[in-house]
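Asker: Input data_34.txt, format and content: compact mmCIF, C-alpha atoms and all ligand atoms.
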```
# COMPACT_ATOMS: atom_id res chain seq x y z
CA MET S 14 -19.16 3.54 6.83
CA GLU S 15 -19.61 0.30 8.65
CA MET S 16 -16.93 -2.39 8.98
CA THR S 17 -17.68 -6.05 9.62
CA ILE S 18 -14.76 -8.25 10.62
CA LEU S 19 -14.89 -11.35 8.44
CA GLY S 20 -11.63 -12.79 9.74
CA CYS S 21 -8.84 -11.46 11.92
CA SER S 22 -6.57 -14.42 12.68
CA GLY S 23 -2.93 -13.49 12.14
CA SER S 24 -0.68 -15.28 9.64
CA LEU S 25 -3.20 -18.10 9.03
CA ALA S 26 -6.79 -19.03 9.80
CA GLY S 27 -7.52 -20.19 13.34
CA PRO S 28 -10.27 -22.31 14.89
CA GLY S 29 -13.50 -20.45 14.08
CA ASN S 30 -11.62 -17.47 12.70
CA ALA S 31 -10.69 -16.81 9.08
CA ALA S 32 -7.42 -15.10 8.17
CA SER S 33 -7.48 -11.37 7.38
CA GLY S 34 -10.63 -9.96 5.79
CA TYR S 35 -12.78 -6.87 6.50
CA LEU S 36 -16.04 -5.88 4.83
CA LEU S 37 -16.66 -2.15 4.45
CA ARG S 38 -20.15 -0.89 3.65
CA MET S 39 -19.79 2.67 2.46
CA SER S 40 -22.42 5.40 2.73
CA ASP S 41 -22.75 5.58 -1.07
CA GLY S 42 -23.85 1.92 -1.19
CA GLU S 43 -20.56 0.47 -2.46
CA HIS S 44 -19.17 -2.58 -0.64
CA ILE S 45 -15.43 -3.16 -0.32
CA VAL S 46 -13.53 -6.19 1.01
CA MET S 47 -10.16 -5.26 2.48
CA ASP S 48 -7.86 -8.31 2.22
CA ILE S 49 -9.34 -11.73 1.51
CA GLY S 50 -7.31 -14.44 3.20
CA PRO S 51 -8.22 -18.13 3.66
CA GLY S 52 -11.75 -18.56 5.03
CA VAL S 53 -12.83 -14.99 4.32
CA LEU S 54 -15.01 -15.83 1.31
CA SER S 55 -16.93 -18.34 3.44
CA ARG S 56 -17.59 -15.68 6.09
CA LEU S 57 -18.48 -13.10 3.44
CA GLN S 58 -21.37 -15.33 2.35
CA PHE S 59 -22.95 -14.89 5.80
CA HIS S 60 -22.77 -11.12 5.56
CA ASP S 61 -23.06 -10.00 1.95
CA ARG S 62 -23.39 -10.85 -1.73
CA PRO S 63 -19.84 -11.65 -2.91
CA GLY S 64 -20.91 -10.85 -6.48
CA ASP S 65 -20.91 -7.12 -5.80
CA VAL S 66 -17.77 -6.22 -3.85
CA HIS S 67 -14.62 -4.27 -4.66
CA VAL S 68 -11.32 -5.52 -3.23
CA LEU S 69 -8.37 -3.80 -1.54
CA PHE S 70 -5.13 -5.59 -0.74
CA SER S 71 -2.53 -4.54 1.81
CA HIS S 72 -0.07 -7.09 0.42
CA MET S 73 0.24 -10.47 -1.22
CA HIS S 74 1.11 -12.78 1.66
CA PRO S 75 -1.13 -15.87 1.52
CA ASP S 76 -3.06 -15.05 4.69
CA HIS S 77 -4.27 -11.82 3.02
CA CYS S 78 -5.10 -12.89 -0.55
CA LEU S 79 -5.62 -16.60 -1.12
CA ASP S 80 -9.44 -16.51 -1.32
CA PHE S 81 -9.32 -14.05 -4.23
CA PRO S 82 -9.22 -16.70 -7.01
CA SER S 83 -12.34 -18.25 -5.45
CA LEU S 84 -14.05 -14.85 -5.32
CA ALA S 85 -13.30 -14.61 -9.06
CA VAL S 86 -15.06 -17.96 -9.58
CA TRP S 87 -18.10 -16.61 -7.71
CA GLN S 88 -18.16 -13.33 -9.63
CA ARG S 89 -17.80 -15.10 -12.98
CA TYR S 90 -19.98 -18.17 -12.60
CA HIS S 91 -22.52 -17.81 -9.78
CA PRO S 92 -25.93 -18.55 -11.32
CA THR S 93 -27.72 -15.63 -9.65
CA ASP S 94 -25.01 -13.44 -8.10
CA ALA S 95 -22.35 -13.21 -10.79
CA SER S 96 -20.78 -9.80 -11.07
CA GLY S 97 -22.85 -7.49 -13.23
CA ARG S 98 -20.05 -4.98 -13.67
CA VAL S 99 -16.27 -4.56 -13.47
CA HIS S 100 -15.26 -3.85 -9.86
CA THR S 101 -12.18 -2.04 -8.60
CA MET S 102 -9.20 -3.87 -7.17
CA LEU S 103 -6.40 -1.87 -5.59
CA GLY S 104 -3.26 -3.54 -4.31
CA PRO S 105 0.49 -3.92 -4.69
CA SER S 106 1.90 -3.69 -8.21
CA ILE S 107 2.63 -7.44 -8.13
CA ALA S 108 -1.02 -8.36 -7.42
CA PRO S 109 -2.32 -9.00 -10.97
CA VAL S 110 0.45 -11.49 -11.82
CA HIS S 111 0.58 -13.03 -8.36
CA LEU S 112 -3.18 -13.63 -8.20
CA GLY S 113 -3.37 -14.50 -11.90
CA ARG S 114 -0.89 -17.32 -11.36
CA ALA S 115 -2.88 -18.63 -8.39
CA SER S 116 -6.00 -18.73 -10.60
CA ALA S 117 -4.43 -20.12 -13.83
CA ASP S 118 -4.93 -23.61 -15.26
CA ALA S 119 -1.32 -24.27 -16.21
CA LEU S 120 2.14 -23.56 -14.87
CA ASP S 121 3.31 -20.07 -15.83
CA GLU S 122 -0.08 -19.04 -17.17
CA VAL S 123 -1.61 -15.89 -15.68
CA ASP S 124 -5.40 -15.61 -15.43
CA ASP S 125 -6.60 -12.26 -16.79
CA PHE S 126 -9.21 -10.82 -14.39
CA SER S 127 -10.06 -7.79 -16.51
CA ASP S 128 -13.56 -9.19 -17.23
CA ILE S 129 -14.44 -8.71 -13.54
CA PHE S 130 -11.80 -6.40 -12.00
CA ASP S 131 -10.10 -3.19 -12.96
CA MET S 132 -6.81 -3.80 -11.16
CA SER S 133 -4.45 -1.00 -10.27
CA GLY S 134 -1.52 -0.49 -7.96
CA TRP S 135 -1.40 1.74 -4.88
CA GLN S 136 0.27 5.10 -5.35
CA ALA S 137 2.03 6.11 -2.15
CA PRO S 138 4.52 8.74 -1.03
CA GLY S 139 8.14 7.61 -0.66
CA GLN S 140 9.72 6.26 2.51
CA GLU S 141 9.73 9.63 4.31
CA PRO S 142 6.64 9.99 6.51
CA VAL S 143 4.10 12.50 5.17
CA GLU S 144 1.39 13.87 7.46
CA PHE S 145 -2.05 13.03 6.11
CA ALA S 146 -3.22 16.58 6.79
CA ASP S 147 -0.66 17.83 4.25
CA GLY S 148 -3.11 16.71 1.57
CA THR S 149 -0.35 15.41 -0.69
CA TYR S 150 -1.20 11.69 -0.69
CA PRO S 151 -2.15 10.35 -4.11
CA GLU S 152 -5.91 9.72 -4.06
CA HIS S 153 -7.74 6.64 -5.30
CA ARG S 154 -11.52 6.50 -5.62
CA ILE S 155 -14.22 3.85 -5.39
CA GLY S 156 -17.54 5.62 -5.91
CA SER S 157 -17.43 8.56 -3.51
CA THR S 158 -14.95 6.83 -1.15
CA ARG S 159 -11.42 8.24 -1.10
CA LEU S 160 -8.52 5.86 -0.49
CA TYR S 161 -4.90 6.55 0.35
CA ALA S 162 -1.86 4.35 0.93
CA ALA S 163 1.52 4.62 2.61
CA THR S 164 4.43 2.22 2.48
CA ALA S 165 4.58 -0.43 5.21
CA VAL S 166 7.68 -2.23 6.50
CA HIS S 167 7.26 -5.91 5.66
CA PRO S 168 9.19 -8.45 3.54
CA THR S 169 7.00 -7.99 0.45
CA GLU S 170 5.51 -4.87 -1.21
CA SER S 171 3.04 -3.81 1.51
CA TYR S 172 0.80 -0.86 2.25
CA LEU S 173 -0.99 0.90 5.06
CA ILE S 174 -4.46 1.93 3.86
CA ARG S 175 -6.66 4.93 4.78
CA VAL S 176 -10.37 4.85 3.87
CA GLU S 177 -12.36 8.10 3.90
CA ASP S 178 -16.11 7.81 3.51
CA ALA S 179 -18.08 10.65 1.93
CA ASP S 180 -19.95 10.91 5.27
CA GLY S 181 -16.72 12.13 6.88
CA SER S 182 -15.82 8.93 8.76
CA SER S 183 -12.33 7.47 8.41
CA LEU S 184 -10.55 4.20 9.04
CA VAL S 185 -6.87 3.28 8.77
CA TYR S 186 -5.73 -0.32 8.38
CA SER S 187 -2.13 -1.29 9.08
CA GLY S 188 -2.10 -4.47 7.00
CA ASP S 189 1.12 -6.18 8.14
CA THR S 190 3.96 -3.89 9.12
CA ALA S 191 6.83 -3.42 11.50
CA ALA S 192 7.03 -0.10 13.34
CA THR S 193 7.17 2.84 10.93
CA PRO S 194 6.48 6.56 11.32
CA ASN S 195 4.29 6.23 8.20
CA LEU S 196 1.60 4.56 10.33
CA ALA S 197 0.95 7.48 12.70
CA ALA S 198 1.38 9.93 9.80
CA LEU S 199 -1.28 8.22 7.66
CA ALA S 200 -3.58 7.53 10.64
CA SER S 201 -3.49 11.10 11.91
CA GLY S 202 -6.92 12.06 13.27
CA ALA S 203 -8.66 8.92 11.94
CA ASP S 204 -11.81 7.69 13.68
CA VAL S 205 -10.52 4.10 13.86
CA LEU S 206 -7.08 2.52 13.60
CA LEU S 207 -7.37 -1.18 12.80
CA CYS S 208 -3.85 -2.23 13.68
CA GLU S 209 -1.98 -5.49 13.72
CA ALA S 210 -0.44 -6.60 17.04
CA THR S 211 1.08 -9.92 16.03
CA TRP S 212 3.80 -9.98 18.68
CA GLY S 213 1.52 -9.67 21.70
CA GLU S 214 2.41 -7.29 24.53
CA ARG S 215 5.89 -6.31 23.38
CA ASP S 216 8.56 -7.47 20.96
CA ASN S 217 10.75 -9.78 23.02
CA GLY S 218 13.63 -9.43 20.57
CA ASP S 219 13.46 -13.05 19.41
CA ASN S 220 11.06 -12.24 16.56
CA PRO S 221 12.22 -11.77 12.95
CA PRO S 222 12.95 -8.07 12.31
CA GLN S 223 11.06 -5.79 9.85
CA MET S 224 7.94 -7.94 10.12
CA HIS S 225 5.18 -7.08 12.63
CA LEU S 226 4.05 -4.90 15.53
CA SER S 227 3.45 -5.51 19.22
CA GLY S 228 0.49 -4.21 21.20
CA GLU S 229 2.78 -1.56 22.68
CA GLU S 230 3.80 -0.37 19.22
CA ALA S 231 0.17 -0.31 18.05
CA GLY S 232 -0.73 1.76 21.12
CA GLN S 233 2.15 4.16 20.47
CA ALA S 234 1.03 4.69 16.86
CA ALA S 235 -2.60 5.24 17.97
CA ALA S 236 -1.54 7.79 20.59
CA GLU S 237 0.77 9.63 18.22
CA ALA S 238 -1.91 9.75 15.51
CA GLY S 239 -4.62 10.86 17.93
CA VAL S 240 -7.13 8.34 16.58
CA GLY S 241 -10.60 7.95 18.12
CA ARG S 242 -10.43 4.21 18.65
CA LEU S 243 -7.89 1.38 18.34
CA ILE S 244 -8.80 -2.16 17.29
CA LEU S 245 -6.05 -4.80 17.52
CA THR S 246 -6.01 -7.51 14.89
CA HIS S 247 -3.83 -10.14 13.14
CA ILE S 248 -2.98 -12.03 16.33
CA PRO S 249 -2.09 -15.65 15.43
CA PRO S 250 -3.89 -18.60 17.06
CA TRP S 251 -0.86 -19.05 19.33
CA GLY S 252 -0.57 -15.33 20.07
CA ASP S 253 -1.01 -13.44 23.31
CA ARG S 254 -4.29 -11.55 22.88
CA GLU S 255 -4.57 -10.24 26.43
CA GLY S 256 -0.92 -9.19 26.36
CA ALA S 257 -1.48 -7.24 23.12
CA LEU S 258 -4.38 -5.43 24.79
CA ARG S 259 -2.31 -4.65 27.89
CA GLY S 260 0.57 -3.35 25.80
CA ALA S 261 -1.64 -1.07 23.70
CA ARG S 262 -3.45 0.35 26.75
CA ARG S 263 -0.12 1.27 28.30
CA PHE S 264 0.36 3.87 25.55
CA PHE S 265 -3.12 4.75 24.23
CA ASP S 266 -5.77 6.02 26.62
CA GLY S 267 -8.69 5.94 24.14
CA PRO S 268 -10.91 2.88 23.57
CA VAL S 269 -8.96 -0.29 22.64
CA ASP S 270 -10.58 -3.57 21.59
CA LEU S 271 -9.45 -6.90 20.25
CA ALA S 272 -10.90 -7.74 16.83
CA VAL S 273 -13.22 -10.74 16.85
CA PRO S 274 -15.08 -12.39 13.95
CA ASP S 275 -18.43 -10.80 13.03
CA MET S 276 -17.66 -7.67 15.08
CA VAL S 277 -19.28 -4.58 13.55
CA VAL S 278 -17.49 -1.26 13.87
CA VAL S 279 -18.93 2.12 12.90
CA PRO S 280 -16.05 4.62 12.65
CA GLY S 281 -17.02 7.93 14.20
CA ALA S 282 -19.68 6.38 16.46
CA PRO S 283 -19.00 5.99 20.22
CA ALA S 284 -17.06 2.75 20.91
ZN ZN G 1 -0.45 -11.46 7.68
ZN ZN G 2 2.33 -10.41 5.75
```
Let me see the file written as C-alpha cells.
Answerer:
Amino acid sequence: MEMTILGCSGSLAGPGNAASGYLLRMSDGEHIVMDIGPGVLSRLQFHDRPGDVHVLFSHMHPDHCLDFPSLAVWQRYHPTDASGRVHTMLGPSIAPVHLGRASADALDEVDDFSDIFDMSGWQAPGQEPVEFADGTYPEHRIGSTRLYAATAVHPTESYLIRVEDADGSSLVYSGDTAATPNLAALASGADVLLCEATWGERDNGDNPPQMHLSGEEAGQAAAEAGVGRLILTHIPPWGDREGALRGARRFFDGPVDLAVPDMVVVPGAPA
C-alpha cells in the first residue's frame, strides 16, 4: 500500500493545504480516498483519476466530507473519467442522508448515490476496547483489502479505521477523536499510525472536552500500540506543529513525522 497525503489541515483548509484527505493505492490496484474534506478533490486531480476511487469516512464533520458531492459530480458526468462501476463507500450510518442532503437540489431532498456508490455503515465493537489481535473485529472488504473500525470519542458518530493490505502492510487512521483506549487497541502492531494532534504539545485544559488529541496523547497511543511509525495530522492553521511533534516524541521513540501535503508514505518501508 502507498498513501499520498492530499490534505492534512485540521478543522478547515489552510493556506496551500486542503482539509483531511488521504489517497491509498492498494497492492491489488484499487484506489481508496480516506476522508474528502474541502480542497481534497482539487488535490486528488494532481495525483489520480477521481473517477475510479472508493471512499472511506471517519465521520461527517464538514472538514472530512464536504468535497464528496463534487466527487459524485465527477463520477457521474466527467466526459472521459466518469465512474465505470459502482464503488464502495464506508462511513458512519448517517453518511448517506447527510451527504445526500448536501448534494440535493431542494430542501429536504436526499440525493440517491446508489448509481455510483454502494454505501454501508462501519461495523465496530462496542465501547470496551478490543485488542486487534483478538481477531473479533467485524471485517469490511474492498477488493483484497481488509478494513476494520473502532468507535472514536468525538461529538458526532466517528470511527478509527484500520486498513490491511493483502501485501501484509497496515495503516491505522485516528480520524478525529479524544483520547480513547480503542485507539491503541485497534492500532496494535500497525506499520503506520496516522494520528490527529489538533491540540499541539499537550491539552492545556482550556479546550472543549471529548474532541481531539494532543501530540503527547498521540505519542502515548503509538507507544502503547507498538506501531512502526507515527505521522501527526489534523493540525489547524493556527495550531502548534512543532509542539505536537515535541509532545509525541516525549512518549514514542519510533519515527515521528508531521503530515504535509503530497507526502507519500509506504507502510512497512523504512521511514
Ligand atoms: Zn476534523
Ligand atoms: Zn471532527
Asker: In Å, how far is it from CA of Asp80 in chain S to CA of Pro280 in chain S?
Answerer: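 These atoms are spaced 26.2 Å apart.
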Asker: Given the point (-14.3, -6.2, -17.5) in the file's coordinates, find the residues that have an atom at most 12 Å from it, counting all atoms listed in the file, and give them as a VMD selection string.
Answerer: chain S and resid 85 88 to 89 96 to 102 125 to 132
Asker: To one decimal place in Å, what is the distance between CA of Pro250 in chain S and CA of Asn30 in chain S?
Answerer: 8.9 Å
Asker: I'd like the neighbourhood of range 35-42 of chain S as a short mmCIF file (atom, residue, chain, number, x, y, z; two decimals) with C-alpha atoms, keeping the file's coordinate frame, where a residue qualifies if any of its atoms comes within 9 Å (using all atoms listed in the file), though same-chain residues fewer than 3 positions away should be ignored.
Answerer:
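After the write, result_39.cif holds the following:
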```
data_model
loop_
_atom_site.label_atom_id
_atom_site.label_comp_id
_atom_site.auth_asym_id
_atom_site.auth_seq_id
_atom_site.Cartn_x
_atom_site.Cartn_y
_atom_site.Cartn_z
CA MET S 14 -19.16 3.54 6.83
CA GLU S 15 -19.61 0.30 8.65
CA MET S 16 -16.93 -2.39 8.98
CA THR S 17 -17.68 -6.05 9.62
CA ILE S 18 -14.76 -8.25 10.62
CA LEU S 19 -14.89 -11.35 8.44
CA GLY S 20 -11.63 -12.79 9.74
CA CYS S 21 -8.84 -11.46 11.92
CA ILE S 45 -15.43 -3.16 -0.32
CA VAL S 46 -13.53 -6.19 1.01
CA MET S 47 -10.16 -5.26 2.48
CA ASP S 48 -7.86 -8.31 2.22
CA ILE S 49 -9.34 -11.73 1.51
CA VAL S 53 -12.83 -14.99 4.32
CA LEU S 57 -18.48 -13.10 3.44
CA HIS S 60 -22.77 -11.12 5.56
CA ASP S 61 -23.06 -10.00 1.95
CA VAL S 66 -17.77 -6.22 -3.85
CA GLY S 156 -17.54 5.62 -5.91
CA SER S 157 -17.43 8.56 -3.51
CA THR S 158 -14.95 6.83 -1.15
CA ASP S 178 -16.11 7.81 3.51
CA ALA S 179 -18.08 10.65 1.93
CA ASP S 180 -19.95 10.91 5.27
#
```
Asker: Any idea what's packed within 12 Å of Ala191 in chain S, counting all atoms listed in the file, ignoring anything in its chain fewer than 6 positions away? Could you give it as a list of chain:residue names?
Answerer: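 Close residues of Ala191 in chain S: S:Thr164, S:Ala165, S:Val166, S:His167, S:Pro168, S:Thr169, S:Ser171, S:Tyr172, S:Leu173, S:Cys208, S:Glu209, S:Ala210, S:Thr211, S:Trp212, S:Asp216, S:Asn220, S:Pro221, S:Pro222, S:Gln223, S:Met224, S:His225, S:Leu226, S:Ser227, S:Gly228, S:Glu230, S:Ala231, S:Ala234.
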Asker: Using C-alpha atoms, can you export the residues from the last selection as an mmCIF file, in the frame of the given file?
Answerer:
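That gives us out_21.cif:
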```
data_model
loop_
_atom_site.group_PDB
_atom_site.id
_atom_site.type_symbol
_atom_site.label_atom_id
_atom_site.label_comp_id
_atom_site.auth_asym_id
_atom_site.auth_seq_id
_atom_site.Cartn_x
_atom_site.Cartn_y
_atom_site.Cartn_z
ATOM 1 C CA THR S 164 4.430 2.220 2.480
ATOM 2 C CA ALA S 165 4.580 -0.430 5.210
ATOM 3 C CA VAL S 166 7.680 -2.230 6.500
ATOM 4 C CA HIS S 167 7.260 -5.910 5.660
ATOM 5 C CA PRO S 168 9.190 -8.450 3.540
ATOM 6 C CA THR S 169 7.000 -7.990 0.450
ATOM 7 C CA SER S 171 3.040 -3.810 1.510
ATOM 8 C CA TYR S 172 0.800 -0.860 2.250
ATOM 9 C CA LEU S 173 -0.990 0.900 5.060
ATOM 10 C CA CYS S 208 -3.850 -2.230 13.680
ATOM 11 C CA GLU S 209 -1.980 -5.490 13.720
ATOM 12 C CA ALA S 210 -0.440 -6.600 17.040
ATOM 13 C CA THR S 211 1.080 -9.920 16.030
ATOM 14 C CA TRP S 212 3.800 -9.980 18.680
ATOM 15 C CA ASP S 216 8.560 -7.470 20.960
ATOM 16 C CA ASN S 220 11.060 -12.240 16.560
ATOM 17 C CA PRO S 221 12.220 -11.770 12.950
ATOM 18 C CA PRO S 222 12.950 -8.070 12.310
ATOM 19 C CA GLN S 223 11.060 -5.790 9.850
ATOM 20 C CA MET S 224 7.940 -7.940 10.120
ATOM 21 C CA HIS S 225 5.180 -7.080 12.630
ATOM 22 C CA LEU S 226 4.050 -4.900 15.530
ATOM 23 C CA SER S 227 3.450 -5.510 19.220
ATOM 24 C CA GLY S 228 0.490 -4.210 21.200
ATOM 25 C CA GLU S 230 3.800 -0.370 19.220
ATOM 26 C CA ALA S 231 0.170 -0.310 18.050
ATOM 27 C CA ALA S 234 1.030 4.690 16.860
#
```
Asker: Can you tell me which residues sit at most 7 Å away from ligand ZN 2 (chain G), counting only C-alpha atoms and all ligand atoms, written as a list in words?
Answerer: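 The distance check yields Ser24, His72, His74, His167 and Asp189 of chain S.
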Asker: Restricted to N, CA, C and O atoms, what does range 139-164 of chain S look like when written out as a tab-separated table (two decimals), in the first residue's frame?
Answerer:
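Ended up saving to out.tsv:
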```tsv
chain	number	residue	atom	x	y	z
S	139	GLY	N	-18.25	-2.64	20.56
S	139	GLY	CA	-18.85	-1.63	21.45
S	139	GLY	C	-17.80	-0.72	22.05
S	139	GLY	O	-16.68	-0.62	21.55
S	140	GLN	N	-18.13	-0.05	23.12
S	140	GLN	CA	-17.24	0.94	23.70
S	140	GLN	C	-16.02	0.32	24.38
S	140	GLN	O	-14.99	0.95	24.51
S	141	GLU	N	-16.12	-0.93	24.84
S	141	GLU	CA	-15.00	-1.57	25.51
S	141	GLU	C	-13.88	-1.84	24.51
S	141	GLU	O	-14.13	-2.38	23.43
S	142	PRO	N	-12.63	-1.46	24.85
S	142	PRO	CA	-11.54	-1.70	23.89
S	142	PRO	C	-11.34	-3.19	23.63
S	142	PRO	O	-11.39	-3.99	24.55
S	143	VAL	N	-11.14	-3.52	22.35
S	143	VAL	CA	-10.90	-4.90	21.93
S	143	VAL	C	-9.56	-4.93	21.21
S	143	VAL	O	-9.35	-4.16	20.26
S	144	GLU	N	-8.63	-5.76	21.66
S	144	GLU	CA	-7.33	-5.86	21.00
S	144	GLU	C	-7.51	-6.37	19.57
S	144	GLU	O	-8.25	-7.34	19.34
S	145	PHE	N	-6.81	-5.71	18.64
S	145	PHE	CA	-6.96	-6.12	17.24
S	145	PHE	C	-6.58	-7.58	17.04
S	145	PHE	O	-7.20	-8.31	16.27
S	146	ALA	N	-5.55	-8.01	17.79
S	146	ALA	CA	-5.06	-9.38	17.62
S	146	ALA	C	-6.10	-10.42	18.02
S	146	ALA	O	-5.96	-11.60	17.67
S	147	ASP	N	-7.14	-10.00	18.75
S	147	ASP	CA	-8.19	-10.96	19.13
S	147	ASP	C	-8.92	-11.51	17.90
S	147	ASP	O	-9.55	-12.57	17.98
S	148	GLY	N	-8.86	-10.76	16.80
S	148	GLY	CA	-9.48	-11.23	15.57
S	148	GLY	C	-11.00	-11.18	15.58
S	148	GLY	O	-11.65	-11.86	14.79
S	149	THR	N	-11.57	-10.36	16.47
S	149	THR	CA	-13.03	-10.32	16.58
S	149	THR	C	-13.65	-9.07	15.95
S	149	THR	O	-14.86	-8.90	16.00
S	150	TYR	N	-12.83	-8.20	15.37
S	150	TYR	CA	-13.41	-7.01	14.71
S	150	TYR	C	-14.21	-7.42	13.48
S	150	TYR	O	-13.74	-8.22	12.68
S	151	PRO	N	-15.40	-6.85	13.31
S	151	PRO	CA	-16.12	-7.08	12.06
S	151	PRO	C	-15.27	-6.62	10.88
S	151	PRO	O	-14.62	-5.58	10.94
S	152	GLU	N	-15.25	-7.41	9.82
S	152	GLU	CA	-14.37	-7.12	8.67
S	152	GLU	C	-15.18	-6.57	7.50
S	152	GLU	O	-16.25	-7.07	7.18
S	153	HIS	N	-14.63	-5.51	6.89
S	153	HIS	CA	-15.18	-4.99	5.63
S	153	HIS	C	-14.13	-5.24	4.56
S	153	HIS	O	-12.94	-5.29	4.85
S	154	ARG	N	-14.57	-5.34	3.31
S	154	ARG	CA	-13.63	-5.61	2.23
S	154	ARG	C	-13.81	-4.63	1.08
S	154	ARG	O	-14.93	-4.28	0.71
S	155	ILE	N	-12.68	-4.18	0.52
S	155	ILE	CA	-12.68	-3.53	-0.79
S	155	ILE	C	-11.63	-4.29	-1.60
S	155	ILE	O	-10.44	-4.22	-1.28
S	156	GLY	N	-12.04	-5.04	-2.61
S	156	GLY	CA	-11.10	-5.91	-3.30
S	156	GLY	C	-10.49	-6.87	-2.29
S	156	GLY	O	-11.18	-7.50	-1.49
S	157	SER	N	-9.15	-6.93	-2.27
S	157	SER	CA	-8.50	-7.82	-1.30
S	157	SER	C	-8.07	-7.08	-0.04
S	157	SER	O	-7.40	-7.64	0.82
S	158	THR	N	-8.43	-5.79	0.08
S	158	THR	CA	-8.10	-5.01	1.27
S	158	THR	C	-9.12	-5.27	2.37
S	158	THR	O	-10.33	-5.26	2.12
S	159	ARG	N	-8.61	-5.48	3.59
S	159	ARG	CA	-9.48	-5.69	4.74
S	159	ARG	C	-9.53	-4.41	5.57
S	159	ARG	O	-8.48	-3.79	5.82
S	160	LEU	N	-10.71	-4.04	6.01
S	160	LEU	CA	-10.91	-2.79	6.74
S	160	LEU	C	-11.65	-3.07	8.04
S	160	LEU	O	-12.57	-3.89	8.08
S	161	TYR	N	-11.22	-2.34	9.08
S	161	TYR	CA	-11.83	-2.53	10.40
S	161	TYR	C	-12.04	-1.16	11.04
S	161	TYR	O	-11.29	-0.22	10.77
S	162	ALA	N	-13.02	-1.06	11.91
S	162	ALA	CA	-13.30	0.22	12.56
S	162	ALA	C	-13.51	0.02	14.06
S	162	ALA	O	-13.95	-1.05	14.50
S	163	ALA	N	-13.17	1.05	14.81
S	163	ALA	CA	-13.48	1.10	16.24
S	163	ALA	C	-14.10	2.47	16.52
S	163	ALA	O	-13.90	3.42	15.76
S	164	THR	N	-14.83	2.55	17.61
S	164	THR	CA	-15.54	3.78	17.92
S	164	THR	C	-14.58	4.84	18.46
S	164	THR	O	-13.78	4.57	19.35
```
